[in-house]
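> Sharing structure-v1.cif here; it has mmCIF, C-alpha atoms and all ligand atoms.
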data_work
loop_
_atom_site.label_atom_id
_atom_site.label_comp_id
_atom_site.auth_asym_id
_atom_site.auth_seq_id
_atom_site.Cartn_x
_atom_site.Cartn_y
_atom_site.Cartn_z
CA MET A 1 0.00 0.00 0.00
CA ARG A 2 1.33 3.44 -0.88
CA THR A 3 -0.73 5.59 1.46
CA MET A 4 1.64 7.96 3.21
CA VAL A 5 0.26 9.74 6.23
CA PRO A 6 2.27 12.71 7.49
CA ILE A 7 3.16 12.82 11.15
CA ALA A 8 1.68 15.75 13.04
CA PRO A 9 4.31 17.97 14.65
CA VAL A 10 3.10 17.50 18.25
CA ALA A 11 5.74 15.02 19.37
CA THR A 12 5.75 13.57 22.84
CA THR A 13 8.84 11.79 24.08
CA VAL A 14 8.60 8.06 24.64
CA ALA A 15 8.82 7.78 28.41
CA ALA A 16 10.86 4.77 29.50
CA ASP A 17 8.29 3.51 31.99
CA PRO A 18 5.37 1.84 30.14
CA ALA A 19 2.96 2.45 33.05
CA GLU A 20 3.75 6.16 32.96
CA ARG A 21 3.35 6.21 29.16
CA LEU A 22 0.02 4.46 29.37
CA ALA A 23 -1.21 6.86 32.06
CA ARG A 24 -0.27 9.79 29.80
CA LEU A 25 -2.06 8.27 26.83
CA MET A 26 -5.21 7.63 28.88
CA ARG A 27 -5.49 11.10 30.43
CA PRO A 28 -8.31 13.48 29.39
CA GLY A 29 -7.79 15.35 26.12
CA ALA A 30 -9.37 17.29 23.29
CA LEU A 31 -11.25 14.30 21.81
CA SER A 32 -13.74 11.80 23.07
CA PHE A 33 -14.27 8.35 21.55
CA PRO A 34 -17.29 6.42 22.81
CA SER A 35 -15.82 3.28 21.20
CA LEU A 36 -12.49 2.43 19.59
CA PRO A 37 -12.12 1.44 15.89
CA PRO A 38 -11.26 -2.07 14.64
CA LEU A 39 -7.65 -3.00 15.36
CA SER A 40 -5.24 -4.64 12.88
CA LEU A 41 -1.66 -5.82 13.35
CA TYR A 42 1.12 -4.96 10.89
CA VAL A 43 4.44 -6.81 11.18
CA HIS A 44 7.43 -5.53 9.18
CA LEU A 45 10.10 -7.94 7.92
CA PRO A 46 12.74 -5.57 6.50
CA TRP A 47 15.15 -7.59 4.36
CA CYS A 48 15.33 -8.12 0.58
CA ILE A 49 17.77 -9.99 -1.65
CA ARG A 50 18.72 -6.62 -3.10
CA LYS A 51 17.23 -3.15 -3.15
CA CYS A 52 15.05 -2.26 -6.16
CA PRO A 53 15.97 1.13 -7.67
CA TYR A 54 12.47 2.60 -7.26
CA CYS A 55 11.83 1.44 -3.69
CA ASP A 56 11.60 3.79 -0.70
CA PHE A 57 10.25 1.24 1.76
CA ASN A 58 12.26 0.36 4.84
CA SER A 59 13.96 -2.55 3.10
CA HIS A 60 17.60 -3.54 3.45
CA ALA A 61 19.65 -5.66 1.04
CA LEU A 62 20.98 -8.80 2.70
CA GLY A 63 24.75 -8.61 3.00
CA ASP A 64 25.00 -12.33 2.38
CA ALA A 65 21.97 -13.55 0.44
CA ASP A 66 22.89 -17.21 1.00
CA ALA A 67 22.96 -16.80 4.77
CA GLY A 68 19.47 -15.20 4.74
CA PRO A 69 18.06 -12.91 7.42
CA PRO A 70 18.63 -13.55 11.15
CA GLU A 71 15.25 -15.30 11.42
CA GLN A 72 15.51 -16.63 14.96
CA ARG A 73 16.68 -13.39 16.56
CA TYR A 74 14.29 -11.23 14.56
CA VAL A 75 11.22 -13.33 15.40
CA ASP A 76 12.27 -13.24 19.07
CA ALA A 77 12.58 -9.43 18.84
CA LEU A 78 9.11 -9.18 17.26
CA VAL A 79 7.63 -11.23 20.07
CA LEU A 80 9.29 -8.98 22.69
CA ASP A 81 8.04 -5.88 20.85
CA LEU A 82 4.53 -7.36 20.75
CA GLU A 83 4.61 -8.23 24.44
CA ALA A 84 5.72 -4.70 25.35
CA SER A 85 2.82 -3.35 23.22
CA LEU A 86 0.07 -5.43 24.81
CA PRO A 87 -0.89 -2.94 27.57
CA PHE A 88 -1.61 -0.36 24.86
CA VAL A 89 -4.18 -2.57 23.07
CA TRP A 90 -5.48 -4.41 26.11
CA GLY A 91 -8.80 -6.24 25.63
CA ARG A 92 -9.07 -5.39 21.93
CA ARG A 93 -9.69 -8.08 19.34
CA VAL A 94 -7.50 -8.16 16.25
CA HIS A 95 -9.34 -7.94 12.99
CA THR A 96 -6.51 -8.67 10.45
CA VAL A 97 -2.76 -9.37 10.42
CA PHE A 98 -0.36 -8.32 7.63
CA LEU A 99 3.22 -9.61 7.38
CA GLY A 100 4.80 -7.05 5.04
CA GLY A 101 8.19 -5.94 3.90
CA GLY A 102 10.77 -5.95 2.67
CA THR A 103 10.43 -9.51 1.52
CA PRO A 104 8.72 -11.64 4.19
CA SER A 105 9.00 -14.69 1.93
CA LEU A 106 12.75 -14.72 2.70
CA PHE A 107 11.67 -16.17 6.06
CA SER A 108 11.14 -19.94 6.14
CA PRO A 109 7.65 -21.38 6.65
CA ALA A 110 8.90 -22.66 10.05
CA SER A 111 9.78 -19.11 11.20
CA ILE A 112 6.47 -17.75 9.91
CA GLU A 113 4.67 -20.54 11.78
CA ARG A 114 6.48 -19.61 14.99
CA LEU A 115 5.59 -15.94 14.47
CA VAL A 116 1.91 -16.61 13.72
CA ALA A 117 1.63 -18.95 16.70
CA ALA A 118 3.25 -16.32 18.96
CA ILE A 119 0.79 -13.69 17.74
CA ARG A 120 -2.18 -16.03 18.28
CA ALA A 121 -0.99 -16.83 21.79
CA ARG A 122 -0.80 -13.15 22.76
CA LEU A 123 -3.61 -11.39 20.91
CA PRO A 124 -7.28 -12.40 20.54
CA LEU A 125 -7.65 -12.78 16.77
CA GLU A 126 -11.19 -12.58 15.42
CA PRO A 127 -12.52 -15.87 14.07
CA GLY A 128 -11.54 -16.19 10.40
CA CYS A 129 -8.94 -13.43 10.83
CA GLU A 130 -7.25 -12.55 7.50
CA ILE A 131 -3.48 -13.17 7.78
CA THR A 132 -1.64 -11.89 4.69
CA LEU A 133 2.02 -12.46 3.78
CA GLU A 134 3.90 -10.53 1.09
CA ALA A 135 5.92 -12.73 -1.22
CA ASN A 136 8.44 -12.07 -3.96
CA PRO A 137 8.72 -14.52 -6.89
CA GLY A 138 12.52 -14.37 -6.53
CA THR A 139 12.31 -16.24 -3.22
CA PHE A 140 9.95 -18.85 -4.59
CA GLU A 141 10.72 -22.54 -4.41
CA ARG A 142 8.23 -25.38 -4.83
CA GLU A 143 6.07 -26.08 -1.80
CA ARG A 144 7.15 -22.87 -0.02
CA PHE A 145 3.73 -21.25 -0.43
CA HIS A 146 1.99 -24.41 0.79
CA GLY A 147 4.27 -24.16 3.84
CA TYR A 148 3.02 -20.61 4.56
CA ALA A 149 -0.59 -21.78 4.23
CA ALA A 150 0.11 -24.60 6.70
CA ALA A 151 1.70 -22.00 9.03
CA GLY A 152 -1.64 -20.18 9.26
CA VAL A 153 -1.27 -17.56 6.51
CA THR A 154 -4.67 -17.17 4.77
CA ARG A 155 -3.75 -14.82 1.93
CA LEU A 156 -0.65 -14.23 -0.19
CA SER A 157 0.26 -10.93 -1.85
CA ILE A 158 2.79 -11.45 -4.64
CA GLY A 159 4.96 -8.60 -5.93
CA VAL A 160 5.02 -9.43 -9.65
CA GLN A 161 5.32 -5.83 -11.03
CA SER A 162 5.43 -7.00 -14.69
CA PHE A 163 5.41 -10.20 -16.75
CA ASP A 164 7.89 -8.69 -19.26
CA ASP A 165 11.52 -9.76 -18.78
CA GLY A 166 12.83 -6.45 -20.21
CA LYS A 167 10.73 -4.38 -17.82
CA LEU A 168 11.65 -6.60 -14.84
CA ALA A 169 15.32 -5.99 -15.66
CA VAL A 170 14.79 -2.19 -15.83
CA LEU A 171 13.07 -2.39 -12.44
CA GLY A 172 16.05 -4.28 -11.03
CA ARG A 173 13.87 -7.20 -9.95
CA VAL A 174 15.54 -10.40 -8.76
CA HIS A 175 13.09 -12.59 -10.71
CA ASP A 176 12.10 -13.08 -14.33
CA ALA A 177 8.66 -13.52 -15.89
CA ALA A 178 8.84 -17.34 -15.81
CA GLN A 179 9.46 -17.26 -12.03
CA ALA A 180 6.58 -14.81 -11.62
CA ARG A 181 4.23 -17.17 -13.51
CA ALA A 182 5.36 -20.19 -11.48
CA ALA A 183 4.87 -18.28 -8.22
CA VAL A 184 1.37 -17.14 -9.18
CA ALA A 185 0.42 -20.66 -10.28
CA GLU A 186 1.47 -22.09 -6.92
CA ALA A 187 -0.26 -19.29 -4.99
CA ARG A 188 -3.48 -20.26 -6.77
CA GLU A 189 -3.13 -23.85 -5.61
CA ALA A 190 -2.14 -23.02 -2.05
CA PHE A 191 -4.49 -20.13 -1.18
CA ALA A 192 -8.23 -19.53 -1.48
CA THR A 193 -7.46 -15.84 -1.93
CA PHE A 194 -4.39 -13.95 -3.10
CA ASN A 195 -3.26 -10.63 -4.57
CA LEU A 196 -0.92 -9.69 -7.40
CA ASP A 197 0.95 -6.37 -7.37
CA LEU A 198 1.68 -4.84 -10.76
CA MET A 199 3.15 -1.48 -11.71
CA TYR A 200 2.41 0.51 -14.87
CA ALA A 201 3.82 3.60 -16.61
CA LEU A 202 7.14 1.75 -16.63
CA PRO A 203 10.09 3.25 -18.55
CA GLY A 204 9.53 2.66 -22.28
CA GLN A 205 6.20 0.87 -21.73
CA SER A 206 3.61 1.09 -24.52
CA LEU A 207 -0.14 0.93 -24.14
CA ASP A 208 -0.09 -2.56 -25.65
CA GLY A 209 2.72 -3.63 -23.33
CA CYS A 210 0.71 -2.48 -20.32
CA GLU A 211 -2.36 -4.32 -21.62
CA ARG A 212 -0.33 -7.52 -22.09
CA ASP A 213 0.84 -7.33 -18.47
CA VAL A 214 -2.69 -6.85 -17.19
CA ASP A 215 -4.08 -9.61 -19.40
CA THR A 216 -1.37 -12.02 -18.26
CA ALA A 217 -2.19 -11.20 -14.65
CA LEU A 218 -5.92 -11.71 -15.32
CA SER A 219 -5.26 -15.05 -17.05
CA PHE A 220 -4.47 -16.44 -13.56
CA ALA A 221 -7.93 -15.33 -12.36
CA PRO A 222 -6.53 -13.49 -9.31
CA PRO A 223 -9.20 -12.67 -6.71
CA HIS A 224 -7.40 -9.34 -6.08
CA LEU A 225 -5.14 -7.08 -8.14
CA SER A 226 -3.22 -3.96 -7.04
CA ILE A 227 -1.81 -1.76 -9.78
CA TYR A 228 0.40 1.23 -9.02
CA HIS A 229 1.69 3.99 -11.29
CA LEU A 230 5.50 3.85 -10.96
CA THR A 231 6.49 6.84 -8.86
CA ILE A 232 9.96 8.27 -8.48
CA GLU A 233 10.47 8.53 -4.74
CA PRO A 234 13.08 10.82 -3.14
CA ASN A 235 16.28 9.10 -1.93
CA THR A 236 16.04 6.19 -4.34
CA TYR A 237 18.41 5.20 -7.15
CA PHE A 238 15.76 6.31 -9.68
CA ALA A 239 15.60 9.75 -8.02
CA ARG A 240 19.33 10.15 -8.72
CA PHE A 241 19.27 8.50 -12.15
CA PRO A 242 15.70 8.95 -13.40
CA PRO A 243 14.50 6.68 -16.20
CA ALA A 244 12.65 8.29 -19.13
CA PRO A 245 9.23 9.29 -17.79
CA VAL A 246 6.01 8.08 -19.39
CA ASP A 247 3.90 10.91 -20.75
CA ASP A 248 0.85 11.77 -18.56
CA ASP A 249 -1.66 11.22 -21.37
CA LEU A 250 -0.23 7.78 -22.10
CA ALA A 251 -0.30 6.87 -18.39
CA ALA A 252 -3.94 8.02 -18.19
CA ALA A 253 -4.79 5.88 -21.24
CA MET A 254 -3.05 2.92 -19.53
CA LEU A 255 -5.14 3.39 -16.41
CA ASP A 256 -8.35 3.52 -18.48
CA ARG A 257 -7.30 0.28 -20.20
CA ILE A 258 -6.41 -1.38 -16.86
CA VAL A 259 -9.81 -0.49 -15.36
CA GLU A 260 -11.61 -1.72 -18.48
CA ARG A 261 -9.71 -5.05 -18.65
CA ALA A 262 -9.98 -5.73 -14.90
CA GLU A 263 -13.67 -4.89 -14.72
CA SER A 264 -14.53 -7.01 -17.74
CA ALA A 265 -12.76 -9.91 -15.96
CA GLY A 266 -15.01 -9.39 -12.91
CA LEU A 267 -12.58 -7.41 -10.71
CA GLY A 268 -14.25 -4.19 -9.56
CA ARG A 269 -12.13 -1.13 -8.80
CA TYR A 270 -12.93 -0.37 -5.17
CA GLU A 271 -9.91 1.79 -4.30
CA VAL A 272 -7.61 3.98 -6.41
CA SER A 273 -5.14 1.13 -7.01
CA ALA A 274 -7.11 -1.96 -5.94
CA PHE A 275 -9.43 -4.30 -7.82
CA ALA A 276 -11.23 -7.31 -6.38
CA ARG A 277 -13.73 -9.99 -7.13
CA SER A 278 -16.75 -9.94 -4.85
CA GLY A 279 -15.83 -11.13 -1.34
CA HIS A 280 -12.07 -10.70 -1.91
CA ARG A 281 -11.38 -7.09 -0.93
CA ALA A 282 -8.26 -6.73 1.21
CA ARG A 283 -9.71 -6.50 4.71
CA HIS A 284 -6.42 -5.30 6.20
CA ASN A 285 -6.03 -2.45 3.73
CA LEU A 286 -9.72 -1.57 4.07
CA ASN A 287 -9.10 -1.01 7.76
CA TYR A 288 -6.35 1.53 6.89
CA TRP A 289 -8.59 3.26 4.35
CA GLN A 290 -11.45 3.40 6.85
CA PHE A 291 -9.11 5.04 9.37
CA GLY A 292 -9.08 2.03 11.64
CA ASP A 293 -6.31 1.36 14.17
CA TYR A 294 -3.20 -0.73 13.60
CA LEU A 295 -0.42 -1.77 15.88
CA GLY A 296 2.82 -1.80 13.84
CA ILE A 297 5.71 -3.95 15.08
CA GLY A 298 9.06 -4.63 13.41
CA ALA A 299 11.85 -2.37 12.12
CA GLY A 300 10.52 1.00 10.98
CA ALA A 301 6.88 -0.11 11.33
CA HIS A 302 4.26 2.61 11.64
CA GLY A 303 1.22 2.27 13.88
CA LYS A 304 -1.91 4.29 14.62
CA LEU A 305 -3.71 3.71 17.91
CA SER A 306 -6.75 5.41 19.38
CA PHE A 307 -7.26 5.97 23.10
CA PRO A 308 -10.41 7.38 24.73
CA HIS A 309 -9.21 10.99 24.27
CA ARG A 310 -6.53 10.97 21.57
CA VAL A 311 -5.08 9.34 18.43
CA VAL A 312 -1.41 8.45 18.50
CA ARG A 313 1.06 7.48 15.78
CA GLN A 314 4.05 5.31 16.62
CA VAL A 315 7.18 4.51 14.59
CA ARG A 316 9.59 1.69 15.53
CA LEU A 317 13.38 2.04 15.18
CA ARG A 318 14.16 1.87 11.49
CA ASP A 319 17.51 0.10 11.32
CA PRO A 320 17.03 -3.68 11.70
CA ALA A 321 20.03 -4.17 14.02
CA ALA A 322 19.06 -1.16 16.19
CA TYR A 323 15.49 -2.42 16.25
CA MET A 324 16.47 -5.89 17.49
CA THR A 325 18.70 -4.42 20.19
CA GLY A 326 15.95 -1.95 21.13
CA ALA A 327 13.24 -4.63 21.31
CA GLU A 328 15.51 -6.80 23.47
CA ALA A 329 15.89 -3.86 25.88
CA GLY A 330 12.14 -3.08 25.87
CA ALA A 331 12.68 0.11 23.83
CA ALA A 332 11.74 -0.52 20.18
CA ILE A 333 9.75 2.69 19.69
CA ALA A 334 11.53 5.62 18.00
CA SER A 335 8.66 8.10 18.24
CA GLU A 336 5.17 8.39 19.61
CA THR A 337 3.20 11.37 18.34
CA GLU A 338 -0.25 12.61 19.22
CA VAL A 339 -2.22 13.61 16.11
CA ALA A 340 -3.36 17.22 16.51
CA ARG A 341 -7.14 17.69 16.46
CA ALA A 342 -6.79 20.07 13.48
CA ASP A 343 -4.95 17.41 11.43
CA LEU A 344 -7.52 14.64 11.87
CA PRO A 345 -9.87 15.65 9.00
CA PHE A 346 -7.02 15.61 6.46
CA GLU A 347 -5.59 12.35 7.78
CA PHE A 348 -9.03 10.75 7.60
CA MET A 349 -9.61 12.02 4.03
CA LEU A 350 -6.17 10.91 2.82
CA ASN A 351 -7.43 7.40 3.42
CA ALA A 352 -11.22 7.40 3.07
CA LEU A 353 -11.39 9.28 -0.23
CA ARG A 354 -9.24 6.58 -1.87
CA LEU A 355 -12.28 4.31 -1.63
CA LYS A 356 -14.74 4.38 -4.51
CA ASP A 357 -17.64 4.06 -2.06
CA GLY A 358 -16.24 6.85 0.12
CA PHE A 359 -17.28 6.80 3.77
CA GLU A 360 -20.26 6.98 6.07
CA LEU A 361 -20.70 10.19 8.06
CA ALA A 362 -20.98 8.06 11.21
CA THR A 363 -17.54 6.57 10.47
CA PHE A 364 -15.99 10.04 10.27
CA ARG A 365 -17.46 10.92 13.68
CA GLU A 366 -16.48 7.60 15.26
CA ARG A 367 -12.90 7.51 13.95
CA THR A 368 -11.91 11.17 14.42
CA GLY A 369 -14.02 12.03 17.48
CA LEU A 370 -15.04 15.22 15.62
CA PRO A 371 -18.49 16.53 14.65
CA MET A 372 -19.41 16.81 10.95
CA SER A 373 -19.32 20.60 11.34
CA ALA A 374 -15.50 20.25 11.45
CA ILE A 375 -15.51 19.47 7.69
CA GLU A 376 -18.69 21.18 6.49
CA ALA A 377 -16.91 24.05 4.71
CA PRO A 378 -14.39 21.97 2.66
CA LEU A 379 -17.04 19.33 1.97
CA ALA A 380 -19.43 21.96 0.58
CA GLN A 381 -16.59 23.33 -1.55
CA ALA A 382 -15.74 19.84 -2.86
CA GLU A 383 -19.40 19.30 -3.72
CA ARG A 384 -19.64 22.64 -5.57
CA ARG A 385 -16.57 21.67 -7.61
CA GLY A 386 -18.12 18.31 -8.52
CA LEU A 387 -15.44 16.32 -6.65
CA VAL A 388 -17.78 14.52 -4.20
CA ARG A 389 -21.46 13.63 -3.93
CA ARG A 390 -23.19 13.16 -0.59
CA ASP A 391 -26.47 12.41 1.11
CA LEU A 392 -27.49 12.28 4.76
CA GLN A 393 -25.56 9.05 5.32
CA ARG A 394 -22.39 9.10 3.22
CA VAL A 395 -19.88 10.97 1.08
CA GLU A 396 -18.25 9.50 -1.98
CA PRO A 397 -15.77 10.84 -4.54
CA THR A 398 -17.19 11.41 -8.03
CA ALA A 399 -15.28 10.16 -11.09
CA LEU A 400 -13.76 13.66 -11.31
CA GLY A 401 -12.82 13.55 -7.61
CA PHE A 402 -11.13 10.19 -8.16
CA ASP A 403 -9.12 11.62 -11.07
CA PHE A 404 -8.10 14.69 -9.05
CA LEU A 405 -7.72 12.97 -5.71
CA ASN A 406 -4.81 15.11 -4.48
CA ASP A 407 -6.75 18.33 -5.11
CA LEU A 408 -9.76 16.87 -3.35
CA GLN A 409 -7.78 15.69 -0.30
CA GLN A 410 -5.97 19.02 0.01
CA LEU A 411 -9.26 20.83 0.61
CA PHE A 412 -9.17 19.21 4.07
CA LEU A 413 -5.72 20.48 5.06
CA PRO A 414 -5.83 22.47 8.30
CA ALA A 415 -5.70 26.26 8.06
CA GLU A 416 -2.21 27.69 8.77
CA ARG A 417 -1.32 27.31 12.43
C1 LIG B 1 5.73 -2.92 0.16
S1 LIG B 1 6.01 -3.19 -1.52
C2 LIG B 1 6.65 -4.76 -1.19
C3 LIG B 1 6.39 -5.93 -2.07
C4 LIG B 1 7.54 -6.91 -2.24
N1 LIG B 1 8.66 -6.57 -1.47
C5 LIG B 1 7.95 -6.90 -3.69
O1 LIG B 1 8.49 -5.89 -4.13
O2 LIG B 1 7.75 -7.89 -4.33
C6 LIG B 1 4.39 -3.32 -2.15
C7 LIG B 1 4.19 -2.86 -3.57
O3 LIG B 1 4.34 -1.47 -3.71
C8 LIG B 1 4.59 -1.18 -5.07
N2 LIG B 1 5.65 -0.17 -5.14
C9 LIG B 1 6.80 -0.13 -4.45
N3 LIG B 1 7.51 0.97 -4.79
C10 LIG B 1 6.80 1.64 -5.74
C11 LIG B 1 7.01 2.83 -6.51
N4 LIG B 1 8.10 3.57 -6.36
N5 LIG B 1 6.04 3.18 -7.40
C12 LIG B 1 4.92 2.44 -7.52
N6 LIG B 1 4.68 1.32 -6.85
C13 LIG B 1 5.61 0.91 -5.96
C14 LIG B 1 5.02 -2.49 -5.72
O4 LIG B 1 4.00 -2.92 -6.62
C15 LIG B 1 5.15 -3.42 -4.56
O5 LIG B 1 4.84 -4.74 -4.89
S1 LIG B 2 11.66 -6.39 -3.19
FE1 LIG B 2 9.95 -4.98 -2.63
S2 LIG B 2 10.51 -4.11 -0.63
FE2 LIG B 2 12.35 -5.11 -1.49
S3 LIG B 2 13.47 -3.49 -2.44
FE3 LIG B 2 12.18 -4.41 -4.02
S4 LIG B 2 10.23 -3.26 -3.98
FE4 LIG B 2 11.35 -2.74 -2.12
#
Please lay out the structure from this file as structure tokens.
Ligand SMILES: C[S@@+](CC[C@H](N)C(=O)[O-])C[C@H]1O[C@@H](n2cnc3c(N)ncnc32)[C@H](O)[C@@H]1O
Ligand code: SF4

Amino acid sequence: MRTMVPIAPVATTVAADPAERLARLMRPGALSFPSLPPLSLYVHLPWCIRKCPYCDFNSHALGDADAGPPEQRYVDALVLDLEASLPFVWGRRVHTVFLGGGTPSLFSPASIERLVAAIRARLPLEPGCEITLEANPGTFERERFHGYAAAGVTRLSIGVQSFDDGKLAVLGRVHDAAQARAAVAEAREAFATFNLDLMYALPGQSLDGCERDVDTALSFAPPHLSIYHLTIEPNTYFARFPPAPVDDDLAAAMLDRIVERAESAGLGRYEVSAFARSGHRARHNLNYWQFGDYLGIGAGAHGKLSFPHRVVRQVRLRDPAAYMTGAEAGAAIASETEVARADLPFEFMLNALRLKDGFELATFRERTGLPMSAIEAPLAQAERRGLVRRDLQRVEPTALGFDFLNDLQQLFLPAER
């Protein structure tokens, strides 16, 4: 998922004593939540075989790819981090779990089984809880995906990016198209539901080339497809050595073609970049987009947690070695930041307006603790400009609003402080 949420500048220091921290988080404040939102768990596994030139995620190339990541120590650190986090989510059921990266499929099925079992032993997972694992075709070997399913993973998300060998090489991927096809074929056998990630607007890509990629993906009848426009992120290799950009009109034509092909194959577009067959929407991502809560553990993981009178964002230590040492000492959190009341409307809209169905007014009130009057002026402006439609129950982006999502979201930015 490429939803970036800025951190509000009201930092609080992470007090060493968890009881003192909890007391500070529970004290009266500017907001009041009668009930807390659904809670998800995100677990970050930060290593990759090598770093892709476009990637700005917290992913670190393995020094020695043959040796693999330090699975035992890292899983132990995750369990310690989770245990230290339990008082902050006490009594709350967990709705979904996402093991993301990095490349989680570098970890053996046995390590993933130990991790899932440790999570189950410490957190009450809802019955039928979705447990997703991100996999890379370059780490694929026969039976590995069956091993993850046996470990308790219910859904696989495979980073394919393209089925064209030339484009995979430009993207610096560690796998070729044949490996991608083999990985998808095994995912289909091992999982009742899975996702494929593709990217489009790739350097030198034609409209036909994009259509071939999408059609190849659809030929595997994936229950879910995520398709992202390649973006050049700061501090990446591509930011320093940019590939030839794809013209905006061509990229827009690609997106139209993608939507047309996916929808005629029965995958409805329900979010800017996500398409799903009925019953296969990504429940974990939906919780982000509906401004739900998530505990984030692992190196560099972000979390958002609500308390009766405030919303807090947490970030874990980013460097994997520092994170493991920190978790072992009961200090894995790098920052804990209270979201300012004035920032909540924009943060909510950054997520909710990505959904084709928009949001219910009641959800806005429940998740931000704010009255609808807090967004009446920008909402009325968005409606006048034809960017949203609304009734007494809900607000949804129009086709125009979806096309100009950034402009629409920015209407909800707080006035200058
Ligand atoms: C968290 S990444 C990790 C997936 C996995 N490590 C992999 O690459 O196979 C999730 C997805 O974000 C997308 N992504 C990453 N960087 C991107 C970029 N700069 N522009 C567009 N999409 C990007 C890719 O489709 C990727 O599969
Ligand atoms: S494999 Fe995925 S997480 Fe790793 S560097 Fe490439 S895009 Fe980033």
> Out of A:Pro137, A:Gly29, A:Pro70, A:Pro124, which residue has the shortest atom-to-atom distance to ligand LIG 2 (chain B) when counting all atoms listed in the file?
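When distances to ligand LIG 2 (chain B) are compared using all atoms listed in the file, the smallest one comes from A:Pro137.
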> Pick from A:Ala135, A:Val312, A:Ala177, A:Ala274: nearest to ligand LIG 2 (chain B), with only C-alpha atoms and all ligand atoms counted?
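Residue with the minimum atom-to-atom distance to ligand LIG 2 (chain B): A:Ala135.
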> Given a cut-off of 6 Å, what residues near ligand LIG 1 (chain B) show up using all atoms listed in the file, put as a PyMOL selection string?
chain A and resi 1+54-55+101-103+136+159+161+197-199+228-233
> Could the residues that lie within 10 Å of ligand LIG 2 (chain B), counting only C-alpha atoms and all ligand atoms, be listed as a short mmCIF file (atom, residue, chain, number, x, y, z; two decimals) with C-alpha atoms, keeping the file's coordinate frame?

data_model
loop_
_atom_site.label_atom_id
_atom_site.label_comp_id
_atom_site.auth_asym_id
_atom_site.auth_seq_id
_atom_site.Cartn_x
_atom_site.Cartn_y
_atom_site.Cartn_z
CA LEU A 45 10.10 -7.94 7.92
CA PRO A 46 12.74 -5.57 6.50
CA TRP A 47 15.15 -7.59 4.36
CA CYS A 48 15.33 -8.12 0.58
CA ILE A 49 17.77 -9.99 -1.65
CA ARG A 50 18.72 -6.62 -3.10
CA LYS A 51 17.23 -3.15 -3.15
CA CYS A 52 15.05 -2.26 -6.16
CA PRO A 53 15.97 1.13 -7.67
CA TYR A 54 12.47 2.60 -7.26
CA CYS A 55 11.83 1.44 -3.69
CA ASP A 56 11.60 3.79 -0.70
CA PHE A 57 10.25 1.24 1.76
CA ASN A 58 12.26 0.36 4.84
CA SER A 59 13.96 -2.55 3.10
CA HIS A 60 17.60 -3.54 3.45
CA ALA A 61 19.65 -5.66 1.04
CA GLY A 100 4.80 -7.05 5.04
CA GLY A 101 8.19 -5.94 3.90
CA GLY A 102 10.77 -5.95 2.67
CA THR A 103 10.43 -9.51 1.52
CA PRO A 104 8.72 -11.64 4.19
CA GLU A 134 3.90 -10.53 1.09
CA ALA A 135 5.92 -12.73 -1.22
CA ASN A 136 8.44 -12.07 -3.96
CA PRO A 137 8.72 -14.52 -6.89
CA GLY A 138 12.52 -14.37 -6.53
CA THR A 139 12.31 -16.24 -3.22
CA ILE A 158 2.79 -11.45 -4.64
CA GLY A 159 4.96 -8.60 -5.93
CA VAL A 160 5.02 -9.43 -9.65
CA GLN A 161 5.32 -5.83 -11.03
CA LEU A 171 13.07 -2.39 -12.44
CA GLY A 172 16.05 -4.28 -11.03
CA ARG A 173 13.87 -7.20 -9.95
CA VAL A 174 15.54 -10.40 -8.76
CA HIS A 175 13.09 -12.59 -10.71
#
> Measuring between all atoms listed in the file, which one of A:His224, A:Arg389, A:Arg384, A:Arg341 shows the shortest distance to Leu413 in chain A?
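Comparing A:His224, A:Arg389, A:Arg384, A:Arg341 against Leu413 in chain A, the winner is A:Arg341.
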> Please return the centre and edge lengths, in Å to one decimal, of a box with edges along x, y and z that contains all listed atoms of range 373-380 of chain A, widened by 4 Å on every side, as lines of an AutoDock Vina configuration file.

center_x = -16.9
center_y = 21.7
center_z = 6.0
size_x = 13.0
size_y = 12.7
size_z = 18.9
> Which residues are close to Val79 in chain A, i.e. within 10 Å by all atoms listed in the file, leaving aside same-chain residues fewer than 4 positions away? Reply as an MDAnalysis selection string.
chainID A and resid 73:75 83:85 114:115 118:119 122 297:298 327:328
> Please indicate the distance in Å from CA of Ala262 in chain A to CA of Tyr200 in chain A, rounded to one decimal place.
13.9 Å
> Show me, as number ranges by chain, the residues that have an atom within 12 Å of Val214 in chain A when counting all atoms listed in the file, minus same-chain residues fewer than 4 positions from it.
A: 160-164, 196-200, 207-210, 218-222, 225-228, 254-265, 267, 275
> Pick from A:Pro345, A:Gly386, A:Gly68, A:Pro34: nearest to Phe412 in chain A, with only C-alpha atoms counted?
A:Pro345
> Please identify all polymer residues within 9 Å of Pro87 in chain A, counting only C-alpha atoms, omitting same-chain residues fewer than 4 positions from it, and present them as a PDB file with C-alpha atoms, in the coordinates of the input.

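Okay, this is what ended up in part.pdb:
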ATOM      1  CA  PRO A  18       5.370   1.840  30.140  1.00  0.00           C
ATOM      2  CA  ALA A  19       2.960   2.450  33.050  1.00  0.00           C
ATOM      3  CA  LEU A  22       0.020   4.460  29.370  1.00  0.00           C
ATOM      4  CA  GLU A  83       4.610  -8.230  24.440  1.00  0.00           C
ATOM      5  CA  GLY A  91      -8.800  -6.240  25.630  1.00  0.00           C
TER       6      GLY A  91
END
> Hey, what's within 9 Å of Ala334 in chain A if we count only C-alpha atoms and toss same-chain stuff fewer than 5 positions away? As a PyMOL selection string, please?
chain A and resi 14+300+314-318
> Quick one: everything within 12 Å of Asp247 in chain A, counting all atoms listed in the file, minus sequence neighbours fewer than 3 positions away in the same chain. Send it as a ChimeraX atom specification.
/A:201-207,229,244,250-254
